[in-house]
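**Student:** Data file target10.txt (compact mmCIF, C-alpha atoms) is appended below.
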```txt
# COMPACT_ATOMS: atom_id res chain seq x y z
CA MET A 1 -6.25 8.59 33.54
CA ARG A 2 -7.19 12.03 34.82
CA PRO A 3 -5.48 12.89 38.13
CA SER A 4 -7.54 13.95 41.13
CA PRO A 5 -7.52 17.73 41.80
CA HIS A 6 -5.19 18.86 44.51
CA HIS A 7 -6.72 20.87 47.35
CA ALA A 8 -4.12 23.25 48.77
CA HIS A 9 -4.42 24.65 52.27
CA SER A 10 -1.44 26.84 53.09
CA ALA A 11 -0.49 29.37 55.67
CA ARG A 12 0.55 31.59 52.78
CA GLY A 13 -3.05 32.73 52.54
CA LEU A 14 -5.45 33.28 49.70
CA LEU A 15 -2.80 34.13 47.08
CA GLY A 16 -0.96 30.87 47.69
CA ALA A 17 -4.18 28.89 47.47
CA LEU A 18 -5.10 30.67 44.24
CA LEU A 19 -1.72 29.95 42.64
CA THR A 20 -1.95 26.30 43.69
CA SER A 21 -5.42 26.06 42.15
CA LEU A 22 -4.18 27.54 38.88
CA VAL A 23 -1.37 24.98 38.76
CA SER A 24 -3.86 22.18 39.39
CA LEU A 25 -6.14 23.51 36.67
CA ALA A 26 -3.22 23.58 34.20
CA ALA A 27 -2.38 19.98 35.10
CA LEU A 28 -5.98 18.95 34.52
CA LEU A 29 -6.06 20.66 31.13
CA THR A 30 -2.78 19.02 30.14
CA ALA A 31 -4.03 15.60 31.19
CA SER A 32 -7.25 16.21 29.26
CA SER A 33 -5.37 17.09 26.07
CA VAL A 34 -3.22 13.97 26.37
CA ALA A 35 -6.30 11.81 26.87
CA GLN A 36 -7.87 13.29 23.74
CA ALA A 37 -4.69 12.70 21.71
CA ASP A 38 -4.46 8.98 22.57
CA THR A 39 -7.65 6.96 22.13
CA THR A 40 -7.74 3.37 23.38
CA ILE A 41 -9.94 0.93 21.45
CA CYS A 42 -10.69 -2.54 22.82
CA GLN A 43 -13.97 -3.24 21.03
CA PRO A 44 -13.44 -6.02 18.45
CA PHE A 45 -14.46 -3.86 15.49
CA GLY A 46 -14.01 -0.45 17.07
CA SER A 47 -12.52 2.31 14.92
CA THR A 48 -11.71 6.01 14.88
CA THR A 49 -10.37 8.55 12.38
CA ILE A 50 -7.00 10.32 12.41
CA GLN A 51 -5.79 13.41 10.56
CA GLY A 52 -9.31 13.80 9.21
CA ARG A 53 -8.51 11.35 6.40
CA TYR A 54 -7.68 7.82 7.64
CA VAL A 55 -9.54 5.18 9.65
CA VAL A 56 -7.79 3.16 12.36
CA GLN A 57 -9.52 -0.12 13.25
CA ASN A 58 -8.95 -2.73 15.95
CA ASN A 59 -10.42 -5.41 13.66
CA ARG A 60 -10.23 -8.42 16.01
CA TRP A 61 -12.16 -11.19 14.30
CA GLY A 62 -10.28 -14.48 14.77
CA THR A 63 -10.37 -14.82 18.58
CA SER A 64 -12.50 -13.89 21.58
CA ALA A 65 -9.42 -12.83 23.57
CA THR A 66 -8.96 -9.15 24.33
CA GLN A 67 -7.04 -6.89 21.98
CA CYS A 68 -6.56 -3.17 22.57
CA ILE A 69 -4.88 -0.48 20.50
CA ALA A 70 -3.79 3.02 21.51
CA VAL A 71 -4.44 5.43 18.65
CA SER A 72 -2.43 8.63 18.20
CA ASP A 73 -2.75 11.28 15.51
CA SER A 74 -0.07 9.57 13.41
CA GLY A 75 -0.81 5.85 13.90
CA PHE A 76 -1.47 3.24 16.56
CA ARG A 77 0.17 0.75 18.93
CA ILE A 78 -1.10 -2.61 20.16
CA THR A 79 -1.22 -2.33 23.96
CA GLN A 80 -2.86 -5.67 24.73
CA ALA A 81 -2.98 -8.80 22.57
CA ASP A 82 -4.23 -11.75 24.59
CA GLY A 83 -4.53 -15.31 23.37
CA SER A 84 -3.09 -17.12 20.38
CA VAL A 85 -4.30 -19.13 17.39
CA PRO A 86 -2.58 -21.94 15.45
CA THR A 87 0.07 -20.65 13.07
CA ASN A 88 -1.10 -22.97 10.29
CA GLY A 89 -4.45 -21.16 10.11
CA ALA A 90 -5.79 -17.63 9.89
CA PRO A 91 -4.47 -14.86 12.18
CA LYS A 92 -6.49 -13.56 15.09
CA SER A 93 -6.88 -9.99 13.86
CA TYR A 94 -5.73 -7.23 11.54
CA PRO A 95 -5.37 -3.97 13.50
CA SER A 96 -4.74 -1.44 10.78
CA VAL A 97 -5.04 2.05 9.34
CA TYR A 98 -6.53 2.65 5.92
CA ASN A 99 -7.58 4.95 3.13
CA GLY A 100 -10.78 3.84 1.40
CA CYS A 101 -13.77 1.74 2.40
CA HIS A 102 -13.95 -1.35 4.62
CA TYR A 103 -17.36 -2.96 5.27
CA THR A 104 -19.16 0.39 4.55
CA ASN A 105 -16.80 2.34 6.85
CA CYS A 106 -15.15 4.82 4.46
CA SER A 107 -12.32 7.17 5.40
CA PRO A 108 -13.14 10.89 5.20
CA GLY A 109 -12.62 12.45 1.76
CA THR A 110 -11.34 9.25 0.15
CA LYS A 111 -11.26 8.88 -3.66
CA LEU A 112 -11.83 5.15 -3.30
CA PRO A 113 -13.35 3.09 -4.80
CA ALA A 114 -11.64 4.20 -8.02
CA GLN A 115 -11.32 2.37 -11.32
CA LEU A 116 -7.77 1.16 -11.86
CA SER A 117 -7.59 2.64 -15.37
CA THR A 118 -8.16 6.12 -13.90
CA ILE A 119 -5.45 5.88 -11.21
CA SER A 120 -2.15 7.36 -12.37
CA SER A 121 -0.35 6.76 -9.08
CA ALA A 122 -1.14 5.84 -5.50
CA PRO A 123 1.85 6.90 -3.35
CA SER A 124 1.97 5.52 0.17
CA SER A 125 4.43 5.54 3.05
CA ILE A 126 4.70 3.59 6.28
CA SER A 127 6.87 3.38 9.39
CA TYR A 128 6.59 0.30 11.62
CA THR A 129 7.70 -0.65 15.13
CA TYR A 130 8.42 -4.38 15.56
CA VAL A 131 8.81 -6.60 18.62
CA ASN A 132 10.74 -9.80 19.23
CA GLY A 133 8.89 -13.02 19.87
CA GLY A 134 5.38 -14.06 19.02
CA ALA A 135 4.15 -14.79 15.51
CA TYR A 136 2.96 -12.01 13.22
CA ASN A 137 3.40 -10.23 9.94
CA ALA A 138 3.51 -6.52 9.16
CA SER A 139 1.57 -6.11 5.97
CA TYR A 140 -0.36 -3.96 3.54
CA ASP A 141 -3.77 -5.11 2.29
CA ILE A 142 -4.84 -3.66 -1.07
CA TRP A 143 -8.35 -4.67 -2.11
CA LEU A 144 -9.60 -4.93 -5.72
CA ASP A 145 -13.04 -5.78 -7.05
CA PRO A 146 -14.88 -5.78 -10.40
CA THR A 147 -17.46 -3.40 -8.87
CA PRO A 148 -17.05 -0.18 -6.83
CA ARG A 149 -18.33 -1.88 -3.71
CA THR A 150 -17.87 -0.43 -0.26
CA ASP A 151 -19.08 -3.47 1.68
CA GLY A 152 -18.21 -7.12 2.13
CA VAL A 153 -15.34 -9.14 0.68
CA ASN A 154 -13.59 -8.04 -2.52
CA ARG A 155 -12.53 -10.41 -5.30
CA THR A 156 -8.75 -9.97 -5.02
CA GLU A 157 -6.48 -9.14 -2.10
CA ILE A 158 -2.91 -7.94 -2.60
CA MET A 159 -0.72 -8.41 0.46
CA ILE A 160 2.72 -6.83 0.90
CA TRP A 161 4.59 -8.49 3.77
CA PHE A 162 7.12 -6.02 5.21
CA ASN A 163 8.10 -8.41 7.99
CA LYS A 164 7.45 -12.00 9.04
CA VAL A 165 8.10 -13.36 12.54
CA GLY A 166 7.41 -16.96 13.58
CA SER A 167 6.30 -20.07 11.69
CA ILE A 168 3.69 -18.44 9.48
CA GLN A 169 3.31 -18.25 5.72
CA PRO A 170 1.09 -16.51 3.17
CA ILE A 171 -2.03 -18.07 1.67
CA GLY A 172 -1.43 -20.50 -1.20
CA SER A 173 1.98 -21.55 -2.44
CA PRO A 174 5.17 -19.86 -3.73
CA VAL A 175 5.09 -18.99 -7.44
CA GLY A 176 8.53 -17.40 -7.90
CA THR A 177 10.07 -13.99 -7.36
CA ALA A 178 9.53 -10.53 -8.84
CA THR A 179 11.16 -7.12 -8.75
CA VAL A 180 8.54 -4.51 -7.88
CA ALA A 181 9.16 -0.86 -6.99
CA GLY A 182 12.90 -1.51 -6.98
CA ARG A 183 12.79 -4.40 -4.48
CA GLU A 184 12.93 -8.18 -4.81
CA TRP A 185 9.93 -10.10 -3.49
CA GLN A 186 8.95 -13.73 -2.98
CA LEU A 187 5.54 -14.29 -4.57
CA TRP A 188 2.78 -16.47 -3.14
CA SER A 189 -0.58 -17.03 -4.82
CA GLY A 190 -3.74 -18.78 -3.65
CA SER A 191 -7.28 -18.41 -2.35
CA ASN A 192 -8.70 -18.33 1.16
CA GLY A 193 -12.07 -19.58 -0.05
CA SER A 194 -13.58 -16.09 -0.26
CA ASN A 195 -11.11 -14.23 -2.46
CA ASP A 196 -7.89 -14.60 -4.44
CA VAL A 197 -4.70 -13.53 -2.67
CA LEU A 198 -1.38 -12.47 -4.21
CA SER A 199 1.32 -11.92 -1.58
CA PHE A 200 4.64 -10.11 -2.03
CA VAL A 201 6.98 -11.19 0.79
CA ALA A 202 10.12 -9.22 1.62
CA PRO A 203 13.18 -11.48 2.14
CA SER A 204 14.16 -9.36 5.16
CA ALA A 205 12.32 -6.89 7.36
CA ILE A 206 11.47 -3.42 6.01
CA THR A 207 10.97 -0.90 8.81
CA SER A 208 9.90 2.09 6.71
CA TRP A 209 9.31 2.72 3.01
CA SER A 210 7.65 5.05 0.52
CA PHE A 211 6.36 3.50 -2.71
CA ASP A 212 3.63 3.50 -5.36
CA VAL A 213 0.84 1.02 -4.62
CA MET A 214 0.03 0.90 -8.34
CA ASP A 215 3.32 -0.92 -9.04
CA PHE A 216 1.89 -3.89 -7.14
CA VAL A 217 -1.54 -3.49 -8.69
CA ARG A 218 -0.09 -3.62 -12.20
CA GLN A 219 1.81 -6.79 -11.32
CA THR A 220 -1.46 -8.29 -10.15
CA VAL A 221 -3.24 -7.29 -13.37
CA SER A 222 -0.42 -8.76 -15.45
CA ARG A 223 -0.89 -12.09 -13.66
CA GLY A 224 -4.59 -12.25 -14.46
CA LEU A 225 -5.86 -11.68 -10.90
CA ALA A 226 -7.46 -8.32 -11.74
CA GLN A 227 -8.33 -6.16 -14.75
CA ASN A 228 -7.85 -2.48 -15.50
CA ASN A 229 -11.62 -1.90 -15.44
CA TRP A 230 -11.78 -3.21 -11.84
CA TYR A 231 -11.78 -0.92 -8.80
CA MET A 232 -9.40 -0.33 -5.92
CA THR A 233 -11.50 -0.05 -2.76
CA SER A 234 -8.93 0.41 0.02
CA VAL A 235 -5.25 0.66 0.92
CA GLN A 236 -4.65 -0.73 4.41
CA ALA A 237 -1.54 -1.19 6.55
CA GLY A 238 -1.14 -2.98 9.86
CA PHE A 239 -0.35 -6.32 11.48
CA GLU A 240 -1.68 -9.87 11.41
CA PRO A 241 -0.78 -11.43 14.79
CA TRP A 242 -1.15 -15.14 15.50
CA GLN A 243 0.62 -15.09 18.87
CA ASN A 244 1.27 -12.09 21.12
CA GLY A 245 1.65 -8.75 19.30
CA THR A 246 1.77 -6.35 22.23
CA GLY A 247 4.04 -3.42 21.38
CA LEU A 248 3.67 -3.60 17.60
CA GLY A 249 2.98 -0.20 16.12
CA VAL A 250 2.38 1.86 13.01
CA ASN A 251 4.32 5.06 13.70
CA SER A 252 3.09 6.88 10.61
CA PHE A 253 1.05 6.17 7.48
CA SER A 254 0.09 8.07 4.36
CA SER A 255 -1.92 7.13 1.30
CA THR A 256 -2.91 9.24 -1.70
CA VAL A 257 -4.75 8.21 -4.84
CA ASN A 258 -4.06 10.37 -7.91
CA THR A 259 -6.65 10.12 -10.65
CA GLY A 260 -7.43 11.87 -13.91
CA SER A 261 -5.39 13.86 -16.43
CA SER A 262 -4.01 17.38 -16.23
CA GLY A 263 -7.53 18.74 -16.67
CA ASP A 264 -8.81 16.65 -13.76
CA PRO A 265 -6.74 17.18 -10.63
CA GLY A 266 -6.07 13.96 -8.81
CA GLY A 267 -3.97 14.95 -5.84
CA PRO A 268 -0.90 16.93 -4.83
CA GLY A 269 1.05 18.04 -7.88
CA ASN A 270 -1.55 16.47 -10.17
CA PRO A 271 0.72 13.69 -11.48
CA GLY A 272 -0.25 11.15 -14.05
CA GLY A 273 -3.31 10.96 -16.20
CA SER A 274 -5.16 8.47 -18.36
CA THR A 275 -4.88 9.27 -22.06
CA ALA A 276 -4.87 7.87 -25.57
CA CYS A 277 -1.42 6.66 -26.55
CA LYS A 278 0.70 4.94 -29.16
CA VAL A 279 3.90 2.95 -28.61
CA SER A 280 6.71 2.24 -31.05
CA TYR A 281 9.00 -0.64 -30.03
CA GLY A 282 12.18 -0.92 -32.05
CA ALA A 283 14.42 -3.88 -31.25
CA ASN A 284 17.84 -5.15 -32.32
CA ALA A 285 18.27 -8.82 -31.42
CA TRP A 286 21.16 -11.27 -31.63
CA GLN A 287 21.76 -14.73 -30.22
CA GLY A 288 21.52 -14.41 -26.46
CA GLY A 289 20.70 -10.70 -26.27
CA PHE A 290 18.83 -7.66 -27.53
CA THR A 291 18.32 -3.92 -27.20
CA ALA A 292 15.00 -2.10 -27.40
CA ASP A 293 14.14 1.53 -28.09
CA VAL A 294 10.65 2.54 -26.98
CA THR A 295 8.80 5.71 -28.02
CA ILE A 296 5.57 6.74 -26.28
CA THR A 297 3.30 9.19 -28.10
CA ASN A 298 0.49 10.99 -26.31
CA THR A 299 -2.30 10.88 -28.92
CA GLY A 300 -4.82 12.41 -26.55
CA SER A 301 -5.80 16.07 -26.18
CA SER A 302 -4.58 16.58 -22.58
CA ARG A 303 -1.11 16.87 -21.11
CA VAL A 304 0.17 13.94 -19.04
CA SER A 305 2.39 14.82 -16.10
CA GLY A 306 4.18 11.68 -14.97
CA TRP A 307 3.85 8.41 -16.87
CA LYS A 308 4.11 4.68 -16.26
CA LEU A 309 4.21 2.27 -19.19
CA ALA A 310 3.31 -1.34 -18.33
CA PHE A 311 4.12 -4.32 -20.56
CA THR A 312 5.07 -7.98 -20.31
CA LEU A 313 8.35 -9.30 -21.67
CA PRO A 314 8.06 -12.62 -23.54
CA SER A 315 9.37 -15.72 -21.79
CA GLY A 316 13.15 -16.05 -21.78
CA GLN A 317 13.90 -12.30 -21.82
CA GLN A 318 15.45 -10.36 -18.96
CA ILE A 319 16.48 -6.70 -18.80
CA THR A 320 20.01 -6.00 -17.59
CA ASN A 321 20.15 -2.18 -17.82
CA ALA A 322 18.01 0.73 -19.00
CA TRP A 323 18.23 4.43 -19.87
CA ASN A 324 15.82 7.38 -19.71
CA ALA A 325 13.38 5.43 -17.50
CA ASN A 326 13.12 3.76 -14.11
CA LEU A 327 12.09 0.12 -14.40
CA SER A 328 10.11 -1.98 -11.94
CA GLY A 329 10.65 -5.62 -12.86
CA SER A 330 13.31 -7.12 -15.10
CA SER A 331 11.38 -10.08 -16.54
CA GLY A 332 7.74 -10.92 -17.03
CA ALA A 333 5.59 -7.95 -16.01
CA VAL A 334 7.59 -4.71 -16.28
CA THR A 335 6.65 -1.11 -15.56
CA ALA A 336 8.76 1.74 -16.94
CA SER A 337 8.29 5.16 -15.33
CA ASN A 338 9.61 8.54 -16.32
CA VAL A 339 12.76 10.16 -15.02
CA ALA A 340 13.02 13.83 -14.10
CA HIS A 341 13.61 15.21 -17.60
CA ASN A 342 10.95 13.32 -19.60
CA GLY A 343 7.88 13.14 -17.36
CA GLU A 344 5.83 15.75 -19.25
CA LEU A 345 3.88 14.52 -22.28
CA ALA A 346 2.08 17.35 -24.03
CA ALA A 347 -0.78 16.48 -26.38
CA GLY A 348 1.01 14.98 -29.39
CA GLY A 349 4.27 14.86 -27.45
CA GLN A 350 6.68 11.95 -27.14
CA ALA A 351 9.02 10.35 -24.63
CA THR A 352 11.69 7.77 -25.44
CA PHE A 353 13.61 5.27 -23.36
CA GLY A 354 15.47 2.04 -23.94
CA PHE A 355 16.97 -1.02 -22.38
CA GLN A 356 19.30 -3.94 -23.00
CA GLY A 357 18.69 -7.53 -22.05
CA THR A 358 19.41 -11.21 -22.46
CA SER A 359 17.18 -13.66 -24.31
CA SER A 360 16.87 -17.35 -25.01
CA GLY A 361 14.99 -18.98 -27.85
CA ALA A 362 13.26 -17.10 -30.65
CA PHE A 363 13.08 -13.33 -30.04
CA ALA A 364 9.64 -11.71 -29.76
CA ARG A 365 8.28 -8.26 -28.90
CA PRO A 366 5.79 -7.52 -26.09
CA SER A 367 2.23 -7.99 -27.31
CA GLY A 368 0.72 -4.96 -25.59
CA PHE A 369 1.40 -1.76 -23.65
CA SER A 370 -0.65 0.39 -21.28
CA LEU A 371 0.10 4.00 -20.29
CA ASN A 372 -1.10 4.94 -16.79
CA GLY A 373 -3.56 2.05 -17.01
CA THR A 374 -4.86 2.78 -20.54
CA ALA A 375 -4.11 0.38 -23.39
CA CYS A 376 -2.00 1.90 -26.19
CA SER A 377 -2.02 1.21 -29.90
CA ILE A 378 1.22 -0.17 -31.33
CA ALA A 379 2.92 1.68 -34.17
```
Once more with this new file: its structure as C-alpha cells, please.
**Tutor:**
Amino acid sequence: MRPSPHHAHSARGLLGALLTSLVSLAALLTASSVAQADTTICQPFGSTTIQGRYVVQNNRWGTSATQCIAVSDSGFRITQADGSVPTNGAPKSYPSVYNGCHYTNCSPGTKLPAQLSTISSAPSSISYTYVNGGAYNASYDIWLDPTPRTDGVNRTEIMIWFNKVGSIQPIGSPVGTATVAGREWQLWSGSNGSNDVLSFVAPSAITSWSFDVMDFVRQTVSRGLAQNNWYMTSVQAGFEPWQNGTGLGVNSFSSTVNTGSSGDPGGPGNPGGSTACKVSYGANAWQGGFTADVTITNTGSSRVSGWKLAFTLPSGQQITNAWNANLSGSSGAVTASNVAHNGELAAGGQATFGFQGTSSGAFARPSGFSLNGTACSIA
C-alpha cells in the first residue's frame, strides 16, 4: 500500500520544507518499487510472468473460496487460502510456476512443446517453503501428449510429490517403488477420468532439489504411459492444497529444456543431442549374479556432448554397483548417464561403462536401448 505524502511545515523555512519533500518523494519511489516487485493475484485463473521466462498462475479451480498469491521475481507465496475440500477428492487449486504452455498461456521464449526424442536433458531446480497443518502436497506436474498441443488436457501427467501433509494420496493405487535421479520413490498409477497419472512420491519431505526432468519422463515411457515421439508441453511446480495452504511458497524455480545435437544448440552449454547409435552389451552370468560391459558407439555425423542411455533390465535382475556411469534405477527401467571423463561422443566415437548385479531365473539381456531418446541398434 502506498503511504500518504507527508506535508512538512517547519519553522526552519524553505530549505527544511524542501528537504522534507525530497525525503517524502524518496519514500514514495521506494514504496512504488516494492509494489511493482510483489504482485498480488486473487483472480481464480490470474497469472503473470517472472524473469521474462516463467508464468506464475493462481489456478484456483476446485472451490469458490478466495485464494491469493503474492508473486516476487523468484517465485510466489500463498497469502490467503480460504475454504477446504474433502481430502478423498480433488484438491481446490494448483498455484504454480511453469515453463511451457498451459491452456494456450505459454511462457516467454519456451521451447515447449518439444518432442521427447529431441530432448537431451531438461534440468530443473526448486526451493519450497512448507507450513504445518492443513492438507496439501508440494508437487511438480509434467505434461505429455501425442501432439504438440498448447491447449486443454494432455494425455499423461507425471507428478513428483516433494512433500505430503494430511490424509491425502495420489490418483490411482500404489504400483511399487523406483529409484529415479538417485532417489527412492513410491509409485502410484491411475487415471482421473481425463488423463493418465503416474506419481512419484518422496518417502520424506524434500525442501530443495536440482534434477533432470527427463529421468522421470524416461521412467514413464518405459512403463508404457508415453512414447518417445510424444511431446512435453510444460514443466510446472507448485502446491495442491485441500485444506488451508496460507504461507506455502516457491522460493525459487528454474527449468531449461535442452534439445538438438552439437550442431543445434539447445540451451546453456549445449548438452546432449539425438543421434544414430549402436550398443554392444557383453555379459558374464553365473547362478545368482552377472556382470555387464556396455559400449555405446555414436554412428551419427554429429558430436554428442552428454549422454543418457535408457534400457530395461529383464525381470529378476538388480544392479548392485556400476563403473564409468551414473545410474538412475537399479531394476526395471534404468538410465545410465555419463561421468565427467566420458561425456563427449565424437562422430564414430565410443563410451564404455559396466555394472554388476544379482539375478534369479534364466539370464537374459535387455531387449533395447535408446541414447538421448533415440533407439539404438544392437551389435
**Student:** Could you name the residues that touch Asp212 in chain A at 9 Å or less, counting only C-alpha atoms, but leaving out those on the same chain fewer than 5 positions away, as number ranges by chain?
**Tutor:** A: 121-125, 181
**Student:** Please save C-alpha atoms of the selected residues as an mmCIF file, in the frame of the given file.
**Tutor:**
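The new file part-v4.cif reads:
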```cif
data_model
loop_
_atom_site.group_PDB
_atom_site.id
_atom_site.type_symbol
_atom_site.label_atom_id
_atom_site.label_comp_id
_atom_site.auth_asym_id
_atom_site.auth_seq_id
_atom_site.Cartn_x
_atom_site.Cartn_y
_atom_site.Cartn_z
ATOM 1 C CA SER A 121 -0.350 6.760 -9.080
ATOM 2 C CA ALA A 122 -1.140 5.840 -5.500
ATOM 3 C CA PRO A 123 1.850 6.900 -3.350
ATOM 4 C CA SER A 124 1.970 5.520 0.170
ATOM 5 C CA SER A 125 4.430 5.540 3.050
ATOM 6 C CA ALA A 181 9.160 -0.860 -6.990
#
```
**Student:** Could you give me, as a tab-separated table, every range 32-137 of chain A residue with an atom at most 7 Å from range 350-373 of chain A, plus its closest atom pair and distance in Å to one decimal, counting all atoms listed in the file, rows ordered by chain then number?
**Tutor:**
```
residue	atom	partner	partner_atom	distance
A:Leu116	CA	A:Gly373	CA	6.7
A:Ser117	CA	A:Gly373	CA	4.4
A:Thr118	CA	A:Gly373	CA	6.9
A:Ser120	CA	A:Asn372	CA	5.1
```
**Student:** Suppose we keep C-alpha atoms; can you now write the selection as a PDB file, in the frame of the given file?
**Tutor:**
```
ATOM      1  CA  LEU A 116      -7.770   1.160 -11.860  1.00  0.00           C
ATOM      2  CA  SER A 117      -7.590   2.640 -15.370  1.00  0.00           C
ATOM      3  CA  THR A 118      -8.160   6.120 -13.900  1.00  0.00           C
ATOM      4  CA  SER A 120      -2.150   7.360 -12.370  1.00  0.00           C
TER       5      SER A 120
END
```
**Student:** Val71 in chain A: which residues within 10 Å, counting all atoms listed in the file, same-chain residues fewer than 6 positions away excluded, as a list in words?
**Tutor:**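 My list of contacting residues is Gln36, Ala37, Asp38, Thr39, Thr40, Ile41, Ser47, Thr48, Thr49, Ile50, Val56, Gln57, Asn58, Arg77, Ile78, Thr79, Val97, Gly249 and Val250 of chain A.
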**Student:** Between A:Thr207, A:Ser93, A:Ser74, A:Gln287, which one has atoms that come closest to Gly62 in chain A, using only C-alpha atoms?
**Tutor:** A:Ser93
**Student:** When distances are computed from only C-alpha atoms, which of A:Pro148, A:Gly100, A:Gly166, A:Pro203 shows the smallest separation from Arg183 in chain A?
**Tutor:**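 Nearest candidate to Arg183 in chain A out of A:Pro148, A:Gly100, A:Gly166, A:Pro203: A:Pro203.
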**Student:** Can you pull out the residues contacting Ile206 in chain A? Cut-off 9 Å, using only C-alpha atoms, and skip same-chain residues under 2 positions away; I want them as number ranges by chain.
**Tutor:** A: 127-128, 161-163, 202, 204, 208-209
**Student:** Would you work out the distance separating CA of Thr259 in chain A from CA of Asn324 in chain A, expressed in Å to one decimal?
**Tutor:**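 CA of Asn324 in chain A lies 24.4 Å from CA of Thr259 in chain A.
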